[in-house]
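*Asks:* This is work.cif, which holds mmCIF, C-alpha atoms:
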data_final
#
loop_
_atom_site.group_PDB
_atom_site.id
_atom_site.type_symbol
_atom_site.label_atom_id
_atom_site.label_comp_id
_atom_site.auth_asym_id
_atom_site.auth_seq_id
_atom_site.Cartn_x
_atom_site.Cartn_y
_atom_site.Cartn_z
ATOM 1 C CA MET A 1 -10.340 -14.887 -7.678
ATOM 2 C CA LYS A 2 -12.292 -12.208 -5.834
ATOM 3 C CA LYS A 3 -12.163 -14.211 -2.621
ATOM 4 C CA LEU A 4 -8.414 -14.618 -3.028
ATOM 5 C CA PHE A 5 -7.938 -10.939 -3.763
ATOM 6 C CA ALA A 6 -9.980 -9.867 -0.741
ATOM 7 C CA ILE A 7 -7.407 -11.276 1.657
ATOM 8 C CA LEU A 8 -4.293 -10.021 -0.108
ATOM 9 C CA THR A 9 -3.940 -6.833 1.908
ATOM 10 C CA THR A 10 -3.507 -8.858 5.094
ATOM 11 C CA VAL A 11 -1.120 -11.469 3.700
ATOM 12 C CA LEU A 12 2.383 -10.977 5.077
ATOM 13 C CA THR A 13 5.335 -13.312 5.481
ATOM 14 C CA ALA A 14 5.440 -15.056 8.866
ATOM 15 C CA ALA A 15 8.523 -13.077 9.839
ATOM 16 C CA VAL A 16 7.353 -10.423 12.313
ATOM 17 C CA LEU A 17 9.840 -7.894 13.612
ATOM 18 C CA LEU A 18 8.271 -6.368 16.717
ATOM 19 C CA ALA A 19 11.418 -4.735 18.028
ATOM 20 C CA GLY A 20 11.563 -1.058 17.266
ATOM 21 C CA CYS A 21 9.960 2.246 18.061
ATOM 22 C CA ALA A 22 7.201 2.420 20.636
ATOM 23 C CA GLY A 23 4.448 4.864 19.765
ATOM 24 C CA ASN A 24 4.480 6.929 16.575
ATOM 25 C CA THR A 25 7.560 8.385 14.975
ATOM 26 C CA ALA A 26 7.296 10.397 11.783
ATOM 27 C CA GLY A 27 10.165 10.166 9.372
ATOM 28 C CA SER A 28 10.945 11.082 5.790
ATOM 29 C CA SER A 29 13.178 9.539 3.154
ATOM 30 C CA GLU A 30 13.656 11.309 -0.170
ATOM 31 C CA GLY A 31 10.753 13.555 0.695
ATOM 32 C CA MET A 32 7.834 11.237 1.468
ATOM 33 C CA PRO A 33 6.832 11.275 5.147
ATOM 34 C CA THR A 34 6.218 7.943 6.856
ATOM 35 C CA VAL A 35 5.195 6.824 10.335
ATOM 36 C CA LEU A 36 6.822 4.104 12.427
ATOM 37 C CA SER A 37 4.472 2.556 14.991
ATOM 38 C CA THR A 38 4.833 -0.816 16.652
ATOM 39 C CA THR A 39 1.559 -0.105 18.450
ATOM 40 C CA GLU A 40 -0.343 0.197 15.167
ATOM 41 C CA TYR A 41 1.370 -2.859 13.737
ATOM 42 C CA SER A 42 0.454 -4.953 16.787
ATOM 43 C CA LEU A 43 -3.140 -3.729 16.549
ATOM 44 C CA TYR A 44 -3.204 -4.593 12.848
ATOM 45 C CA GLN A 45 -1.971 -8.101 13.664
ATOM 46 C CA ASN A 46 -4.573 -8.537 16.415
ATOM 47 C CA ILE A 47 -7.457 -7.524 14.167
ATOM 48 C CA PHE A 48 -6.548 -9.375 10.984
ATOM 49 C CA TYR A 49 -4.570 -12.350 12.302
ATOM 50 C CA ASN A 50 -5.546 -12.965 15.911
ATOM 51 C CA ASP A 51 -9.343 -12.839 15.556
ATOM 52 C CA MET A 52 -9.687 -9.842 17.860
ATOM 53 C CA ALA A 53 -11.567 -7.465 15.556
ATOM 54 C CA ALA A 54 -14.675 -7.516 17.768
ATOM 55 C CA ASP A 55 -12.684 -5.839 20.541
ATOM 56 C CA TYR A 56 -12.079 -2.767 18.378
ATOM 57 C CA THR A 57 -15.140 -2.326 16.151
ATOM 58 C CA ASP A 58 -17.575 0.581 16.396
ATOM 59 C CA LYS A 59 -15.118 2.678 18.361
ATOM 60 C CA GLN A 60 -13.672 6.070 17.519
ATOM 61 C CA VAL A 61 -10.041 5.923 16.462
ATOM 62 C CA THR A 62 -7.305 8.311 15.392
ATOM 63 C CA LYS A 63 -4.632 7.131 12.981
ATOM 64 C CA GLU A 64 -1.550 8.961 11.798
ATOM 65 C CA GLY A 65 0.237 7.791 8.684
ATOM 66 C CA THR A 66 0.822 8.187 4.962
ATOM 67 C CA PHE A 67 -2.232 8.749 2.773
ATOM 68 C CA THR A 68 -2.540 6.863 -0.492
ATOM 69 C CA THR A 69 -5.096 5.578 -2.971
ATOM 70 C CA LEU A 70 -5.353 2.227 -4.716
ATOM 71 C CA TYR A 71 -7.453 1.360 -7.753
ATOM 72 C CA ASP A 72 -9.268 -1.935 -7.166
ATOM 73 C CA ALA A 73 -10.036 -3.191 -10.669
ATOM 74 C CA PHE A 74 -11.726 -6.325 -9.323
ATOM 75 C CA TYR A 75 -14.497 -4.203 -7.814
ATOM 76 C CA ASP A 76 -14.041 -1.164 -10.080
ATOM 77 C CA THR A 77 -13.494 1.253 -7.213
ATOM 78 C CA THR A 78 -10.824 3.486 -5.751
ATOM 79 C CA ARG A 79 -9.781 2.628 -2.207
ATOM 80 C CA TYR A 80 -8.217 5.011 0.296
ATOM 81 C CA TYR A 81 -5.688 4.174 2.989
ATOM 82 C CA VAL A 82 -3.578 5.546 5.788
ATOM 83 C CA TRP A 83 -0.522 3.397 6.415
ATOM 84 C CA GLY A 84 2.841 3.131 8.129
ATOM 85 C CA TYR A 85 5.678 0.813 9.127
ATOM 86 C CA ASN A 86 6.269 -1.251 12.242
ATOM 87 C CA ASP A 87 9.800 0.053 12.751
ATOM 88 C CA GLU A 88 12.787 1.525 10.954
ATOM 89 C CA THR A 89 13.567 -1.737 9.132
ATOM 90 C CA LYS A 90 10.420 -0.985 7.039
ATOM 91 C CA CYS A 91 9.943 -4.676 6.284
ATOM 92 C CA CYS A 92 6.555 -4.889 8.062
ATOM 93 C CA ASP A 93 3.702 -2.485 7.426
ATOM 94 C CA TRP A 94 0.141 -1.768 8.506
ATOM 95 C CA GLN A 95 -2.702 -0.048 6.671
ATOM 96 C CA TRP A 96 -6.238 1.079 7.514
ATOM 97 C CA GLU A 97 -8.832 1.532 4.775
ATOM 98 C CA LEU A 98 -10.962 4.693 4.815
ATOM 99 C CA ASP A 99 -14.569 4.915 3.668
ATOM 100 C CA ILE A 100 -14.490 8.207 1.766
ATOM 101 C CA THR A 101 -17.554 9.504 -0.069
ATOM 102 C CA ASP A 102 -16.546 13.136 -0.633
ATOM 103 C CA THR A 103 -13.393 13.184 -2.742
ATOM 104 C CA SER A 104 -13.373 16.932 -3.445
ATOM 105 C CA SER A 105 -10.640 17.864 -0.966
ATOM 106 C CA LEU A 106 -8.446 14.812 -0.533
ATOM 107 C CA PRO A 107 -4.753 15.241 0.285
ATOM 108 C CA ALA A 108 -2.170 14.293 -2.307
ATOM 109 C CA ASN A 109 -0.921 10.726 -2.164
ATOM 110 C CA GLY A 110 2.122 10.450 0.074
ATOM 111 C CA SER A 111 1.029 13.219 2.446
ATOM 112 C CA LEU A 112 1.349 12.678 6.184
ATOM 113 C CA VAL A 113 -2.145 12.820 7.672
ATOM 114 C CA SER A 114 -4.078 12.333 10.877
ATOM 115 C CA VAL A 115 -7.437 10.577 10.482
ATOM 116 C CA THR A 116 -10.240 10.430 13.054
ATOM 117 C CA GLY A 117 -13.317 8.283 12.519
ATOM 118 C CA THR A 118 -15.127 5.122 13.579
ATOM 119 C CA PHE A 119 -13.579 1.715 12.966
ATOM 120 C CA THR A 120 -16.285 -0.702 11.872
ATOM 121 C CA GLY A 121 -16.990 -3.861 9.917
ATOM 122 C CA ASP A 122 -18.407 -3.590 6.402
ATOM 123 C CA GLU A 123 -18.615 -6.059 3.517
ATOM 124 C CA ASN A 124 -17.705 -3.246 1.107
ATOM 125 C CA ALA A 125 -14.277 -2.844 2.692
ATOM 126 C CA LEU A 126 -11.550 -4.871 1.013
ATOM 127 C CA ASP A 127 -10.630 -6.604 4.269
ATOM 128 C CA LYS A 128 -14.157 -6.216 5.693
ATOM 129 C CA TYR A 129 -13.164 -3.445 8.123
ATOM 130 C CA TRP A 130 -12.577 0.258 7.565
ATOM 131 C CA ILE A 131 -12.817 3.682 9.154
ATOM 132 C CA ILE A 132 -16.105 5.462 8.401
ATOM 133 C CA ASP A 133 -16.836 9.197 8.524
ATOM 134 C CA PRO A 134 -13.101 9.979 8.447
ATOM 135 C CA VAL A 135 -11.936 13.499 9.210
ATOM 136 C CA ILE A 136 -8.539 13.980 7.586
ATOM 137 C CA THR A 137 -6.012 16.576 8.728
ATOM 138 C CA VAL A 138 -2.902 17.081 6.616
ATOM 139 C CA LYS A 139 0.241 17.360 8.721
ATOM 140 C CA THR A 140 2.860 17.327 5.952
ATOM 141 C CA LYS A 141 1.995 17.925 2.315
ATOM 142 C CA TYR A 142 3.603 15.748 -0.326
ATOM 143 C CA LYS A 143 3.152 15.236 -4.043
ATOM 144 C CA GLY A 144 4.081 11.881 -5.449
ATOM 145 C CA GLU A 145 5.243 10.990 -8.931
ATOM 146 C CA ASP A 146 3.495 12.452 -11.978
ATOM 147 C CA CYS A 147 1.786 9.355 -13.359
ATOM 148 C CA ASP A 148 -1.552 7.564 -13.568
ATOM 149 C CA ILE A 149 -0.778 4.842 -11.014
ATOM 150 C CA ASP A 150 1.688 5.941 -8.337
ATOM 151 C CA MET A 151 2.795 2.952 -6.266
ATOM 152 C CA SER A 152 5.713 4.907 -4.807
ATOM 153 C CA THR A 153 3.340 6.218 -2.097
ATOM 154 C CA MET A 154 2.063 2.759 -1.120
ATOM 155 C CA SER A 155 3.198 0.368 1.562
ATOM 156 C CA GLY A 156 4.737 -2.851 0.291
ATOM 157 C CA THR A 157 1.486 -4.688 1.031
ATOM 158 C CA LEU A 158 -0.653 -2.187 -0.869
ATOM 159 C CA GLU A 159 1.810 -2.176 -3.750
ATOM 160 C CA ARG A 160 1.485 -5.946 -3.931
ATOM 161 C CA VAL A 161 -2.297 -5.617 -4.216
ATOM 162 C CA GLU A 162 -2.006 -3.012 -6.982
ATOM 163 C CA ILE A 163 0.554 -5.098 -8.869
ATOM 164 C CA LEU A 164 -1.853 -8.048 -8.807
ATOM 165 C CA ASN A 165 -4.578 -5.745 -10.107
ATOM 166 C CA ILE A 166 -2.334 -4.716 -12.983
ATOM 167 C CA GLN A 167 -1.408 -8.297 -13.797
ATOM 168 C CA TYR A 168 -4.901 -9.799 -13.566
ATOM 169 C CA ASN A 169 -6.781 -6.871 -15.119
ATOM 170 C CA PRO A 170 -4.464 -5.602 -17.855
ATOM 171 C CA THR A 171 -7.290 -4.156 -19.966
ATOM 172 C CA TYR A 172 -7.927 -1.368 -17.472
ATOM 173 C CA PHE A 173 -4.265 -0.569 -16.873
ATOM 174 C CA ASP A 174 -2.755 -0.972 -20.339
ATOM 175 C CA GLY A 175 -1.337 2.329 -21.590
ATOM 176 C CA LYS A 176 -1.377 3.977 -18.175
ATOM 177 C CA THR A 177 1.836 5.445 -16.789
ATOM 178 C CA VAL A 178 2.969 3.736 -13.591
ATOM 179 C CA VAL A 179 5.641 4.038 -10.930
ATOM 180 C CA ALA A 180 6.632 1.039 -8.813
ATOM 181 C CA TYR A 181 9.425 0.163 -6.408
ATOM 182 C CA GLY A 182 11.130 -3.053 -5.409
ATOM 183 C CA ARG A 183 14.308 -5.103 -5.566
ATOM 184 C CA VAL A 184 15.851 -6.061 -8.873
ATOM 185 C CA GLY A 185 14.884 -9.726 -9.172
ATOM 186 C CA GLY A 186 16.569 -10.538 -12.453
ATOM 187 C CA PRO A 187 17.732 -8.996 -15.723
ATOM 188 C CA THR A 188 14.182 -7.858 -16.562
ATOM 189 C CA SER A 189 12.163 -7.870 -13.349
ATOM 190 C CA ILE A 190 11.595 -6.345 -9.929
ATOM 191 C CA VAL A 191 10.203 -8.163 -6.899
ATOM 192 C CA HIS A 192 8.731 -7.202 -3.536
ATOM 193 C CA PRO A 193 11.131 -4.983 -1.559
ATOM 194 C CA TYR A 194 11.380 -7.508 1.300
ATOM 195 C CA TYR A 195 9.548 -10.785 0.719
ATOM 196 C CA ASP A 196 10.472 -13.420 -1.849
ATOM 197 C CA GLY A 197 7.513 -14.702 -3.818
ATOM 198 C CA ALA A 198 5.158 -11.828 -2.952
ATOM 199 C CA PHE A 199 5.157 -10.408 -6.476
ATOM 200 C CA GLU A 200 7.317 -10.149 -9.572
ATOM 201 C CA VAL A 201 6.890 -7.646 -12.390
ATOM 202 C CA GLU A 202 8.533 -7.793 -15.775
ATOM 203 C CA VAL A 203 10.360 -4.546 -16.547
ATOM 204 C CA ILE A 204 11.326 -3.772 -20.141
ATOM 205 C CA ALA A 205 13.872 -0.964 -20.168
ATOM 206 C CA GLU A 206 16.285 0.396 -22.748
ATOM 207 C CA GLU A 207 19.147 0.330 -20.241
ATOM 208 C CA ALA A 208 20.061 -2.677 -18.121
ATOM 209 C CA LEU A 209 18.634 -2.795 -14.611
ATOM 210 C CA PRO A 210 21.053 -2.379 -11.682
ATOM 211 C CA ASP A 211 22.554 -5.390 -9.934
ATOM 212 C CA PHE A 212 20.381 -8.136 -8.467
ATOM 213 C CA GLY A 213 18.901 -7.106 -5.106
ATOM 214 C CA THR A 214 19.279 -3.359 -5.672
ATOM 215 C CA MET A 215 16.250 -1.305 -4.531
ATOM 216 C CA VAL A 216 14.919 0.705 -7.452
ATOM 217 C CA LEU A 217 12.126 3.063 -8.421
ATOM 218 C CA VAL A 218 10.766 2.144 -11.850
ATOM 219 C CA GLN A 219 8.771 4.452 -14.119
ATOM 220 C CA GLY A 220 7.121 3.297 -17.314
ATOM 221 C CA VAL A 221 3.896 2.233 -19.013
ATOM 222 C CA ALA A 222 1.712 -0.746 -18.122
ATOM 223 C CA GLU A 223 1.258 -3.311 -20.869
ATOM 224 C CA ASN A 224 -0.220 -6.771 -20.371
ATOM 225 C CA GLY A 225 0.912 -6.918 -16.738
ATOM 226 C CA SER A 226 4.432 -5.679 -17.442
ATOM 227 C CA ILE A 227 6.096 -2.262 -17.267
ATOM 228 C CA ILE A 228 7.494 -1.216 -20.626
ATOM 229 C CA GLN A 229 9.370 1.879 -21.824
ATOM 230 C CA ALA A 230 10.831 1.823 -18.338
ATOM 231 C CA THR A 231 13.570 3.680 -16.540
ATOM 232 C CA ALA A 232 14.964 2.559 -13.194
ATOM 233 C CA ALA A 233 16.738 4.613 -10.537
ATOM 234 C CA THR A 234 18.246 3.329 -7.302
ATOM 235 C CA THR A 235 16.477 4.471 -4.134
ATOM 236 C CA ASP A 236 16.869 4.227 -0.366
ATOM 237 C CA ALA A 237 13.345 5.422 0.387
ATOM 238 C CA TYR A 238 11.963 1.968 1.223
#
Take the structure in the file and write it out as structure tokens.

*Replies:*
Amino acid sequence: MKKLFAILTTVLTAAVLLAGCAGNTAGSSEGMPTVLSTTEYSLYQNIFYNDMAADYTDKQVTKEGTFTTLYDAFYDTTRYYVWGYNDETKCCDWQWELDITDTSSLPANGSLVSVTGTFTGDENALDKYWIIDPVITVKTKYKGEDCDIDMSTMSGTLERVEILNIQYNPTYFDGKTVVAYGRVGGPTSIVHPYYDGAFEVEVIAEEALPDFGTMVLVQGVAENGSIIQATAATTDAY
């Protein structure tokens, strides 16, 4: 299971949309700033799919994107990321893990940040590569949802990883308040915002979910891999 989980953050559907913005473009939908960068997405593909990581390791890098944190229950650790989208379709994302030891002055999840550090290989990184000694500069402050596990500030890929954590490690997450986003997949479920089969979460709500395929933001409480006591609101932020 751990071996399977370790590759989840680099598992994307074969569909790759490379058309779009060249360079970095910062945008914001419903408040949360995001970055569009085909350059970063291509680099992400080269490192994790095209066996070109050696060309980029042990070099100083600067990344601009959305800051977020993910609780990795498999390894009982919090992981830190800066992420963004390939282009304005938002169906393809990229994310770089940060090796952070001093957590006393971290930005709020969802903030737009610039990160400078050294990209290197390390077995402690979820995908075996991360940015060490990161210096983080906040460009746009943002405060996400008021909950224990806020997936609204995650890329679709990172949300998938956190959902799998919740489903395979319910003991840690049970009773915690959570926020997730995705498409309505059925009368009582949401699925990945873009890819069929990536994840599905049972949602138990007092009111019926919107129509099939509607993008929603769900707030509730984790229980045995599901989200109970839930409310769902339509969203165009993803």

*Asks:* As an exercise, work out the distance from CA of Thr57 (chain A) to CA of Ile100 (chain A) in Å and give it to one decimal place.

*Replies:*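 Distance between the two atoms: 17.8 Å.
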
*Asks:* Counting all atoms listed in the file, which residues of region 110-198 of chain A sit at most 9 Å from some atom of region 207-212 of chain A, and what is each one's closest atom pair with its distance in Å to one decimal, listed by chain and rising residue number, as a tab-separated table?

*Replies:*
residue	atom	partner	partner_atom	distance
A:Arg183	CA	A:Phe212	CA	7.4
A:Val184	CA	A:Phe212	CA	5.0
A:Gly185	CA	A:Phe212	CA	5.8
A:Gly186	CA	A:Phe212	CA	6.0
A:Pro187	CA	A:Leu209	CA	6.4
A:Thr188	CA	A:Leu209	CA	7.0
A:Ser189	CA	A:Leu209	CA	8.3

*Asks:* For Gly182 (chain A), which of A:Met154, A:Ile166, A:Ala205, A:Val216 is the closest residue, counting only C-alpha atoms?

*Replies:*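 Closest residue, counting only C-alpha atoms: A:Val216.
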
*Asks:* Using all atoms listed in the file, which residues sit within 9 Å of Tyr142 (chain A) once same-chain residues fewer than 2 positions away are excluded, as a list in words?

*Replies:* Gly31, Met32, Pro33, Pro107, Ala108, Asn109, Gly110, Ser111, Leu112, Thr140 and Gly144 of chain A

*Asks:* Is there a way to get, as a list in words, all residues within 10 Å of the point (9.7, -0.3, 8.7) in file coordinates, counting all atoms listed in the file?

*Replies:* Leu17, Gly20, Cys21, Thr34, Val35, Leu36, Ser37, Thr38, Gly84, Tyr85, Asn86, Asp87, Glu88, Thr89, Lys90, Cys91, Cys92, Asp93, Trp94, Ser155 and Tyr238 of chain A

*Asks:* Using the chain letters and numbers from the file, give me the residues hit by the PyMOL selection byres ((chain A and resi 224) around 7), as number ranges by chain.

*Replies:* A: 167, 170, 174, 222-223, 225-226

*Asks:* Fewer than 2 positions away in the same chain doesn't count, so skip those; otherwise give me all residues within 6 Å of region 80-83 of chain A, counting all atoms listed in the file, as a ChimeraX atom specification.

*Replies:* /A:65-69,94-98

*Asks:* The PyMOL selection byres ((chain A and resi 199) around 9) on the file shown: which residues, as an MDAnalysis selection string?

*Replies:* chainID A and resid 160 163:164 190:192 195:198 200:201

*Asks:* For a test of reading the model, state the distance in Å between CA of Glu123 (chain A) and CA of Asp99 (chain A), rounded to one decimal.

*Replies:* 11.7 Å

*Asks:* What does the distance between CA of Gln60 (chain A) and CA of Arg79 (chain A) come to in Å, to one decimal place?

*Replies:*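 We find that CA of Gln60 (chain A) and CA of Arg79 (chain A) lie 20.4 Å from each other.
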
*Asks:* When distances are computed from all atoms listed in the file, which of A:Ala53, A:Tyr168, A:Val178, A:Asn124 shows the smallest separation from Asp146 (chain A)?

*Replies:*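 Distance minimum relative to Asp146 (chain A) lands on A:Val178.
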
*Asks:* Generate the missing atoms of region 119-140 of chain A up to N, CA, C and O atoms and report them as a PDB file, keeping the file's coordinate frame.

*Replies:*
ATOM      1  N   PHE A 119     -14.021   2.982  13.544  1.00  0.00           N
ATOM      2  CA  PHE A 119     -13.579   1.715  12.966  1.00  0.00           C
ATOM      3  C   PHE A 119     -14.731   0.727  13.037  1.00  0.00           C
ATOM      4  O   PHE A 119     -15.285   0.472  14.105  1.00  0.00           O
ATOM      5  N   THR A 120     -15.120   0.176  11.887  1.00  0.00           N
ATOM      6  CA  THR A 120     -16.285  -0.702  11.872  1.00  0.00           C
ATOM      7  C   THR A 120     -16.166  -1.764  10.792  1.00  0.00           C
ATOM      8  O   THR A 120     -15.378  -1.630   9.848  1.00  0.00           O
ATOM      9  N   GLY A 121     -16.951  -2.810  10.919  1.00  0.00           N
ATOM     10  CA  GLY A 121     -16.990  -3.861   9.917  1.00  0.00           C
ATOM     11  C   GLY A 121     -17.937  -3.516   8.792  1.00  0.00           C
ATOM     12  O   GLY A 121     -18.991  -2.918   9.028  1.00  0.00           O
ATOM     13  N   ASP A 122     -17.563  -3.879   7.564  1.00  0.00           N
ATOM     14  CA  ASP A 122     -18.407  -3.590   6.402  1.00  0.00           C
ATOM     15  C   ASP A 122     -17.974  -4.495   5.258  1.00  0.00           C
ATOM     16  O   ASP A 122     -16.787  -4.566   4.940  1.00  0.00           O
ATOM     17  N   GLU A 123     -18.927  -5.160   4.621  1.00  0.00           N
ATOM     18  CA  GLU A 123     -18.615  -6.059   3.517  1.00  0.00           C
ATOM     19  C   GLU A 123     -18.026  -5.329   2.316  1.00  0.00           C
ATOM     20  O   GLU A 123     -17.392  -5.940   1.462  1.00  0.00           O
ATOM     21  N   ASN A 124     -18.244  -4.015   2.230  1.00  0.00           N
ATOM     22  CA  ASN A 124     -17.705  -3.246   1.107  1.00  0.00           C
ATOM     23  C   ASN A 124     -16.224  -2.921   1.271  1.00  0.00           C
ATOM     24  O   ASN A 124     -15.575  -2.508   0.301  1.00  0.00           O
ATOM     25  N   ALA A 125     -15.706  -3.061   2.464  1.00  0.00           N
ATOM     26  CA  ALA A 125     -14.277  -2.844   2.692  1.00  0.00           C
ATOM     27  C   ALA A 125     -13.504  -4.034   2.142  1.00  0.00           C
ATOM     28  O   ALA A 125     -13.978  -5.171   2.193  1.00  0.00           O
ATOM     29  N   LEU A 126     -12.315  -3.789   1.628  1.00  0.00           N
ATOM     30  CA  LEU A 126     -11.550  -4.871   1.013  1.00  0.00           C
ATOM     31  C   LEU A 126     -11.259  -5.982   2.008  1.00  0.00           C
ATOM     32  O   LEU A 126     -11.352  -7.166   1.684  1.00  0.00           O
ATOM     33  N   ASP A 127     -10.886  -5.611   3.228  1.00  0.00           N
ATOM     34  CA  ASP A 127     -10.630  -6.604   4.269  1.00  0.00           C
ATOM     35  C   ASP A 127     -11.749  -6.666   5.291  1.00  0.00           C
ATOM     36  O   ASP A 127     -11.558  -7.142   6.410  1.00  0.00           O
ATOM     37  N   LYS A 128     -12.926  -6.137   4.899  1.00  0.00           N
ATOM     38  CA  LYS A 128     -14.157  -6.216   5.693  1.00  0.00           C
ATOM     39  C   LYS A 128     -14.182  -5.301   6.909  1.00  0.00           C
ATOM     40  O   LYS A 128     -15.116  -5.363   7.703  1.00  0.00           O
ATOM     41  N   TYR A 129     -13.174  -4.456   7.067  1.00  0.00           N
ATOM     42  CA  TYR A 129     -13.164  -3.445   8.123  1.00  0.00           C
ATOM     43  C   TYR A 129     -12.573  -2.163   7.564  1.00  0.00           C
ATOM     44  O   TYR A 129     -11.620  -2.196   6.783  1.00  0.00           O
ATOM     45  N   TRP A 130     -13.149  -1.018   7.959  1.00  0.00           N
ATOM     46  CA  TRP A 130     -12.577   0.258   7.565  1.00  0.00           C
ATOM     47  C   TRP A 130     -12.997   1.352   8.529  1.00  0.00           C
ATOM     48  O   TRP A 130     -13.754   1.095   9.475  1.00  0.00           O
ATOM     49  N   ILE A 131     -12.498   2.537   8.313  1.00  0.00           N
ATOM     50  CA  ILE A 131     -12.817   3.682   9.154  1.00  0.00           C
ATOM     51  C   ILE A 131     -13.857   4.519   8.420  1.00  0.00           C
ATOM     52  O   ILE A 131     -13.602   5.010   7.313  1.00  0.00           O
ATOM     53  N   ILE A 132     -15.040   4.688   9.036  1.00  0.00           N
ATOM     54  CA  ILE A 132     -16.105   5.462   8.401  1.00  0.00           C
ATOM     55  C   ILE A 132     -16.119   6.889   8.933  1.00  0.00           C
ATOM     56  O   ILE A 132     -15.579   7.171  10.001  1.00  0.00           O
ATOM     57  N   ASP A 133     -16.738   7.771   8.170  1.00  0.00           N
ATOM     58  CA  ASP A 133     -16.836   9.197   8.524  1.00  0.00           C
ATOM     59  C   ASP A 133     -15.468   9.780   8.888  1.00  0.00           C
ATOM     60  O   ASP A 133     -15.336  10.477   9.900  1.00  0.00           O
ATOM     61  N   PRO A 134     -14.443   9.517   8.080  1.00  0.00           N
ATOM     62  CA  PRO A 134     -13.101   9.979   8.447  1.00  0.00           C
ATOM     63  C   PRO A 134     -12.942  11.486   8.289  1.00  0.00           C
ATOM     64  O   PRO A 134     -13.368  12.071   7.289  1.00  0.00           O
ATOM     65  N   VAL A 135     -12.336  12.094   9.291  1.00  0.00           N
ATOM     66  CA  VAL A 135     -11.936  13.499   9.210  1.00  0.00           C
ATOM     67  C   VAL A 135     -10.422  13.512   9.052  1.00  0.00           C
ATOM     68  O   VAL A 135      -9.696  13.017   9.923  1.00  0.00           O
ATOM     69  N   ILE A 136      -9.958  14.051   7.920  1.00  0.00           N
ATOM     70  CA  ILE A 136      -8.539  13.980   7.586  1.00  0.00           C
ATOM     71  C   ILE A 136      -7.887  15.342   7.776  1.00  0.00           C
ATOM     72  O   ILE A 136      -8.361  16.347   7.237  1.00  0.00           O
ATOM     73  N   THR A 137      -6.807  15.362   8.530  1.00  0.00           N
ATOM     74  CA  THR A 137      -6.012  16.576   8.728  1.00  0.00           C
ATOM     75  C   THR A 137      -4.632  16.353   8.143  1.00  0.00           C
ATOM     76  O   THR A 137      -3.947  15.385   8.502  1.00  0.00           O
ATOM     77  N   VAL A 138      -4.226  17.205   7.232  1.00  0.00           N
ATOM     78  CA  VAL A 138      -2.902  17.081   6.616  1.00  0.00           C
ATOM     79  C   VAL A 138      -1.855  17.683   7.535  1.00  0.00           C
ATOM     80  O   VAL A 138      -1.959  18.836   7.949  1.00  0.00           O
ATOM     81  N   LYS A 139      -0.844  16.891   7.860  1.00  0.00           N
ATOM     82  CA  LYS A 139       0.241  17.360   8.721  1.00  0.00           C
ATOM     83  C   LYS A 139       1.470  17.760   7.919  1.00  0.00           C
ATOM     84  O   LYS A 139       2.171  18.695   8.268  1.00  0.00           O
ATOM     85  N   THR A 140       1.746  17.004   6.848  1.00  0.00           N
ATOM     86  CA  THR A 140       2.860  17.327   5.952  1.00  0.00           C
ATOM     87  C   THR A 140       2.417  17.059   4.526  1.00  0.00           C
ATOM     88  O   THR A 140       2.074  15.932   4.178  1.00  0.00           O
TER      89      THR A 140
END
